[in-house]
Every structure is written in structure tokens, then in C-alpha cells.
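Beneath this line is the structure, given in C-alpha cells, with notes to follow.
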Amino acid sequence: MTVKNDSELLKRVNDTIDLLRPYLQSDGGDINVEEITSDFIVKVKLTGTCETCPFSIHTLKAGIEQALKKAIPEIKEVVAV
């Protein structure tokens with residue numbers, strides 16, 4: 001079961017990601033939210049140069065995940081799909 005249809009949560013996640021997006025885009029990458037699970041795991045797809053960058057896991061965990069957890073405390077984890 002997913003909570004992606006929870007429009008308020010999805011908006012909060014996207015609003016937070018939109019604050020980070022310029023940093024990813026400045027290096028030729030981007031990010032899309034694919035799913036938010038019922039246990040509050042955000043599944044994202046990294047695109048562009050982020051898709052193959054050897055540092056993308058660091059960006060995902062130390063940057064994106066931490067920002068989402070800070071802005072939306074109910075988020076448990078962010079994973080790439």
C-alpha cells in the first residue's frame with residue numbers, strides 16, 4: 001500500500017525536494033518522487049548525471065534524506081529505485 005495519494009504529504013515532500021533540486025540540476029541531474037509507502041519510505045528516481053554518479057548514494061542519504069527527515073519528521077527513509 002502506498003500513501004502517494006495523500007496529497008498533503010506528497011506536496012510537503014515535493015516542496016522540500018524542490019528546494020534541493022537546483023543543486024542537483026546544476027550538476028546535470030534531477031530527482032523524481034516515485035512512491036511514498038505506508039511506512040513512510042520515500043522512493044525516488046535519480047535522473048541525469050545523478051543516475052550514474054558514484055557519489056549519488058551520499059547525495060541521497062546525507063543530503064536529500066536528511067533534508068526530508070528534518071522537514072517531515074514522519075519520513076523514515078529515502079531510497080533510490
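Every chain in the C-alpha cells takes a letter, A first, then B, and so on in the order presented; its residues are numbered from 1, and the ligands are numbered from 1 following the presented order.
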
Write out as a PDB file with N, CA and C atoms, in the first residue's frame each polymer residue whose atoms come within 9 Å of range 26-40 of chain A, counting only C-alpha atoms; drop sequence neighbours fewer than 3 positions from it.
ATOM      1  N   MET A   1       0.842  -1.192   0.000  1.00  0.00           N
ATOM      2  CA  MET A   1       0.000   0.000   0.000  1.00  0.00           C
ATOM      3  C   MET A   1       0.878   1.243   0.000  1.00  0.00           C
ATOM      4  N   THR A   2       0.493   2.217  -0.761  1.00  0.00           N
ATOM      5  CA  THR A   2       1.252   3.468  -0.797  1.00  0.00           C
ATOM      6  C   THR A   2       0.401   4.609  -0.268  1.00  0.00           C
ATOM      7  N   VAL A   3       1.083   5.635   0.149  1.00  0.00           N
ATOM      8  CA  VAL A   3       0.380   6.833   0.601  1.00  0.00           C
ATOM      9  C   VAL A   3       0.589   7.977  -0.377  1.00  0.00           C
ATOM     10  N   LYS A   4       0.994   7.617  -1.591  1.00  0.00           N
ATOM     11  CA  LYS A   4       1.254   8.651  -2.592  1.00  0.00           C
ATOM     12  C   LYS A   4       0.005   9.484  -2.865  1.00  0.00           C
ATOM     13  N   ASN A   5      -1.169   8.914  -2.645  1.00  0.00           N
ATOM     14  CA  ASN A   5      -2.396   9.661  -2.874  1.00  0.00           C
ATOM     15  C   ASN A   5      -2.694  10.647  -1.757  1.00  0.00           C
ATOM     16  N   LEU A   9       0.922  15.125   2.148  1.00  0.00           N
ATOM     17  CA  LEU A   9       2.252  14.576   2.368  1.00  0.00           C
ATOM     18  C   LEU A   9       3.084  14.660   1.094  1.00  0.00           C
ATOM     19  N   LEU A  10       2.497  14.300  -0.023  1.00  0.00           N
ATOM     20  CA  LEU A  10       3.207  14.365  -1.302  1.00  0.00           C
ATOM     21  C   LEU A  10       3.635  15.802  -1.609  1.00  0.00           C
ATOM     22  N   VAL A  13       6.625  16.670   0.613  1.00  0.00           N
ATOM     23  CA  VAL A  13       7.834  16.014   0.107  1.00  0.00           C
ATOM     24  C   VAL A  13       8.343  16.741  -1.132  1.00  0.00           C
ATOM     25  N   ASN A  14       7.454  17.003  -2.082  1.00  0.00           N
ATOM     26  CA  ASN A  14       7.863  17.686  -3.309  1.00  0.00           C
ATOM     27  C   ASN A  14       8.360  19.106  -3.043  1.00  0.00           C
ATOM     28  N   ILE A  17      11.877  18.728  -1.743  1.00  0.00           N
ATOM     29  CA  ILE A  17      12.771  18.332  -2.836  1.00  0.00           C
ATOM     30  C   ILE A  17      12.998  19.496  -3.794  1.00  0.00           C
ATOM     31  N   ARG A  21      16.432  20.685  -5.540  1.00  0.00           N
ATOM     32  CA  ARG A  21      16.526  20.419  -6.981  1.00  0.00           C
ATOM     33  C   ARG A  21      17.559  21.288  -7.715  1.00  0.00           C
ATOM     34  N   PRO A  22      17.658  22.600  -7.420  1.00  0.00           N
ATOM     35  CA  PRO A  22      18.642  23.411  -8.144  1.00  0.00           C
ATOM     36  C   PRO A  22      20.077  22.907  -7.982  1.00  0.00           C
ATOM     37  N   TYR A  23      20.402  22.351  -6.834  1.00  0.00           N
ATOM     38  CA  TYR A  23      21.750  21.823  -6.615  1.00  0.00           C
ATOM     39  C   TYR A  23      22.011  20.606  -7.497  1.00  0.00           C
ATOM     40  N   LYS A  43      10.431   6.684  -2.045  1.00  0.00           N
ATOM     41  CA  LYS A  43      11.186   6.071  -3.138  1.00  0.00           C
ATOM     42  C   LYS A  43      11.338   7.108  -4.236  1.00  0.00           C
ATOM     43  N   VAL A  44      12.593   7.346  -4.611  1.00  0.00           N
ATOM     44  CA  VAL A  44      12.881   8.369  -5.606  1.00  0.00           C
ATOM     45  C   VAL A  44      13.686   7.780  -6.750  1.00  0.00           C
ATOM     46  N   LYS A  45      13.621   8.443  -7.877  1.00  0.00           N
ATOM     47  CA  LYS A  45      14.440   8.075  -9.029  1.00  0.00           C
ATOM     48  C   LYS A  45      15.365   9.240  -9.315  1.00  0.00           C
ATOM     49  N   LEU A  46      16.664   8.963  -9.270  1.00  0.00           N
ATOM     50  CA  LEU A  46      17.654   9.961  -9.647  1.00  0.00           C
ATOM     51  C   LEU A  46      17.828   9.889 -11.157  1.00  0.00           C
ATOM     52  N   THR A  47      17.885  11.038 -11.797  1.00  0.00           N
ATOM     53  CA  THR A  47      17.987  11.081 -13.254  1.00  0.00           C
ATOM     54  C   THR A  47      19.179  11.921 -13.673  1.00  0.00           C
ATOM     55  N   GLY A  48      19.444  11.912 -14.960  1.00  0.00           N
ATOM     56  CA  GLY A  48      20.565  12.683 -15.497  1.00  0.00           C
ATOM     57  C   GLY A  48      21.881  12.160 -14.952  1.00  0.00           C
ATOM     58  N   THR A  49      22.807  13.065 -14.687  1.00  0.00           N
ATOM     59  CA  THR A  49      24.118  12.637 -14.190  1.00  0.00           C
ATOM     60  C   THR A  49      24.041  12.010 -12.808  1.00  0.00           C
ATOM     61  N   CYS A  50      22.999  12.316 -12.042  1.00  0.00           N
ATOM     62  CA  CYS A  50      22.841  11.710 -10.711  1.00  0.00           C
ATOM     63  C   CYS A  50      22.611  10.199 -10.803  1.00  0.00           C
ATOM     64  N   GLU A  51      22.061   9.769 -11.920  1.00  0.00           N
ATOM     65  CA  GLU A  51      21.734   8.352 -12.099  1.00  0.00           C
ATOM     66  C   GLU A  51      22.984   7.472 -12.072  1.00  0.00           C
ATOM     67  N   GLU A  74       7.996  12.447  10.057  1.00  0.00           N
ATOM     68  CA  GLU A  74       7.433  11.100   9.903  1.00  0.00           C
ATOM     69  C   GLU A  74       8.123  10.280   8.807  1.00  0.00           C
ATOM     70  N   ILE A  75       8.912  10.926   7.957  1.00  0.00           N
ATOM     71  CA  ILE A  75       9.658  10.203   6.923  1.00  0.00           C
ATOM     72  C   ILE A  75      10.733   9.360   7.603  1.00  0.00           C
ATOM     73  N   LYS A  76      10.769   8.069   7.272  1.00  0.00           N
ATOM     74  CA  LYS A  76      11.721   7.139   7.896  1.00  0.00           C
ATOM     75  C   LYS A  76      12.986   6.955   7.078  1.00  0.00           C
ATOM     76  N   GLU A  77      12.840   6.959   5.744  1.00  0.00           N
ATOM     77  CA  GLU A  77      13.990   6.675   4.893  1.00  0.00           C
ATOM     78  C   GLU A  77      13.693   7.150   3.485  1.00  0.00           C
ATOM     79  N   VAL A  78      14.763   7.409   2.741  1.00  0.00           N
ATOM     80  CA  VAL A  78      14.652   7.727   1.327  1.00  0.00           C
ATOM     81  C   VAL A  78      15.537   6.729   0.595  1.00  0.00           C
ATOM     82  N   VAL A  81      15.195   4.025  -6.506  1.00  0.00           N
ATOM     83  CA  VAL A  81      14.622   2.874  -7.236  1.00  0.00           C
ATOM     84  C   VAL A  81      15.058   2.925  -8.677  1.00  0.00           C
TER      85      VAL A  81
END

Seminar exercise, completed: From the list A:Lys11, A:Val79, A:Pro54, A:Leu19, the nearest residue to Ala67 in chain A using only C-alpha atoms is A:Leu19

Could you give me, as a PDB file with N, CA and C atoms, in the first residue's frame, each residue of chain A that DSSP assigns to strand (DSSP E) when run on this structure's backbone?
ATOM      1  N   GLY A  29      21.802  16.794 -13.030  1.00  0.00           N
ATOM      2  CA  GLY A  29      20.940  15.723 -12.528  1.00  0.00           C
ATOM      3  C   GLY A  29      19.567  16.231 -12.133  1.00  0.00           C
ATOM      4  N   ASP A  30      18.771  15.332 -11.605  1.00  0.00           N
ATOM      5  CA  ASP A  30      17.443  15.681 -11.115  1.00  0.00           C
ATOM      6  C   ASP A  30      16.927  14.517 -10.277  1.00  0.00           C
ATOM      7  N   ILE A  31      15.746  14.687  -9.714  1.00  0.00           N
ATOM      8  CA  ILE A  31      15.148  13.674  -8.858  1.00  0.00           C
ATOM      9  C   ILE A  31      13.636  13.708  -9.031  1.00  0.00           C
ATOM     10  N   ASN A  32      13.014  12.539  -9.002  1.00  0.00           N
ATOM     11  CA  ASN A  32      11.554  12.422  -9.081  1.00  0.00           C
ATOM     12  C   ASN A  32      11.073  11.506  -7.964  1.00  0.00           C
ATOM     13  N   VAL A  33       9.987  11.886  -7.310  1.00  0.00           N
ATOM     14  CA  VAL A  33       9.370  11.023  -6.306  1.00  0.00           C
ATOM     15  C   VAL A  33       8.551   9.975  -7.044  1.00  0.00           C
ATOM     16  N   GLU A  34       8.848   8.715  -6.785  1.00  0.00           N
ATOM     17  CA  GLU A  34       8.130   7.615  -7.422  1.00  0.00           C
ATOM     18  C   GLU A  34       7.016   7.078  -6.534  1.00  0.00           C
ATOM     19  N   GLU A  35       7.262   7.050  -5.218  1.00  0.00           N
ATOM     20  CA  GLU A  35       6.290   6.440  -4.308  1.00  0.00           C
ATOM     21  C   GLU A  35       6.607   6.861  -2.886  1.00  0.00           C
ATOM     22  N   ILE A  36       5.577   6.960  -2.066  1.00  0.00           N
ATOM     23  CA  ILE A  36       5.727   7.091  -0.621  1.00  0.00           C
ATOM     24  C   ILE A  36       4.947   5.924  -0.027  1.00  0.00           C
ATOM     25  N   ILE A  41       8.422   5.489   3.736  1.00  0.00           N
ATOM     26  CA  ILE A  41       9.670   5.412   2.988  1.00  0.00           C
ATOM     27  C   ILE A  41       9.420   6.082   1.643  1.00  0.00           C
ATOM     28  N   VAL A  42      10.254   7.058   1.329  1.00  0.00           N
ATOM     29  CA  VAL A  42      10.117   7.790   0.076  1.00  0.00           C
ATOM     30  C   VAL A  42      11.028   7.128  -0.952  1.00  0.00           C
ATOM     31  N   LYS A  43      10.431   6.684  -2.045  1.00  0.00           N
ATOM     32  CA  LYS A  43      11.186   6.071  -3.138  1.00  0.00           C
ATOM     33  C   LYS A  43      11.338   7.108  -4.236  1.00  0.00           C
ATOM     34  N   VAL A  44      12.593   7.346  -4.611  1.00  0.00           N
ATOM     35  CA  VAL A  44      12.881   8.369  -5.606  1.00  0.00           C
ATOM     36  C   VAL A  44      13.686   7.780  -6.750  1.00  0.00           C
ATOM     37  N   LYS A  45      13.621   8.443  -7.877  1.00  0.00           N
ATOM     38  CA  LYS A  45      14.440   8.075  -9.029  1.00  0.00           C
ATOM     39  C   LYS A  45      15.365   9.240  -9.315  1.00  0.00           C
ATOM     40  N   LEU A  46      16.664   8.963  -9.270  1.00  0.00           N
ATOM     41  CA  LEU A  46      17.654   9.961  -9.647  1.00  0.00           C
ATOM     42  C   LEU A  46      17.828   9.889 -11.157  1.00  0.00           C
ATOM     43  N   THR A  47      17.885  11.038 -11.797  1.00  0.00           N
ATOM     44  CA  THR A  47      17.987  11.081 -13.254  1.00  0.00           C
ATOM     45  C   THR A  47      19.179  11.921 -13.673  1.00  0.00           C
ATOM     46  N   GLY A  48      19.444  11.912 -14.960  1.00  0.00           N
ATOM     47  CA  GLY A  48      20.565  12.683 -15.497  1.00  0.00           C
ATOM     48  C   GLY A  48      21.881  12.160 -14.952  1.00  0.00           C
ATOM     49  N   GLU A  77      12.840   6.959   5.744  1.00  0.00           N
ATOM     50  CA  GLU A  77      13.990   6.675   4.893  1.00  0.00           C
ATOM     51  C   GLU A  77      13.693   7.150   3.485  1.00  0.00           C
ATOM     52  N   VAL A  78      14.763   7.409   2.741  1.00  0.00           N
ATOM     53  CA  VAL A  78      14.652   7.727   1.327  1.00  0.00           C
ATOM     54  C   VAL A  78      15.537   6.729   0.595  1.00  0.00           C
ATOM     55  N   VAL A  79      14.955   6.067  -0.415  1.00  0.00           N
ATOM     56  CA  VAL A  79      15.705   5.068  -1.181  1.00  0.00           C
ATOM     57  C   VAL A  79      15.572   5.356  -2.676  1.00  0.00           C
ATOM     58  N   ALA A  80      16.602   4.975  -3.407  1.00  0.00           N
ATOM     59  CA  ALA A  80      16.574   5.123  -4.869  1.00  0.00           C
ATOM     60  C   ALA A  80      16.001   3.858  -5.478  1.00  0.00           C
TER      61      ALA A  80
END

For this session: Assign secondary structure with DSSP using the backbone only, and return the residues of range 27-60 of chain A in helix (DSSP H, G or I) as a ChimeraX atom specification.
Result: /A:49-51,56-60

Deliver the residues from the most recent selection as a file, using N, CA and C atoms, as a CSV table (one decimal), in the first residue's frame.
chain,number,residue,atom,x,y,z
A,49,THR,N,22.8,13.1,-14.7
A,49,THR,CA,24.1,12.6,-14.2
A,49,THR,C,24.0,12.0,-12.8
A,50,CYS,N,23.0,12.3,-12.0
A,50,CYS,CA,22.8,11.7,-10.7
A,50,CYS,C,22.6,10.2,-10.8
A,51,GLU,N,22.1,9.8,-11.9
A,51,GLU,CA,21.7,8.4,-12.1
A,51,GLU,C,23.0,7.5,-12.1
A,56,SER,N,26.2,9.5,-5.8
A,56,SER,CA,24.8,9.7,-5.6
A,56,SER,C,24.2,9.1,-4.3
A,57,ILE,N,24.8,8.0,-3.8
A,57,ILE,CA,24.3,7.5,-2.5
A,57,ILE,C,24.5,8.5,-1.4
A,58,HIS,N,25.7,9.2,-1.5
A,58,HIS,CA,26.0,10.2,-0.4
A,58,HIS,C,25.0,11.4,-0.6
A,59,THR,N,24.7,11.8,-1.8
A,59,THR,CA,23.8,12.9,-2.0
A,59,THR,C,22.4,12.5,-1.5
A,60,LEU,N,22.0,11.2,-1.8
A,60,LEU,CA,20.7,10.7,-1.4
A,60,LEU,C,20.6,10.7,0.1

Problem set entry | Close residues, Leu20 in chain A itself excluded, 8 Å, only C-alpha atoms, min 4 positions apart in chain, as a PyMOL selection string | chain A and resi 16+24+64

Selection export as a tab-separated table (two decimals), in the first residue's frame, atoms kept: N, CA and C atoms:
chain	number	residue	atom	x	y	z
A	16	THR	N	9.89	20.16	-0.38
A	16	THR	CA	11.23	20.04	0.18
A	16	THR	C	12.23	19.67	-0.90
A	24	LEU	N	21.01	19.74	-7.61
A	24	LEU	CA	21.15	18.57	-8.48
A	24	LEU	C	21.21	18.99	-9.94
A	64	ILE	N	19.49	14.60	0.60
A	64	ILE	CA	18.05	14.52	0.37
A	64	ILE	C	17.32	13.90	1.56
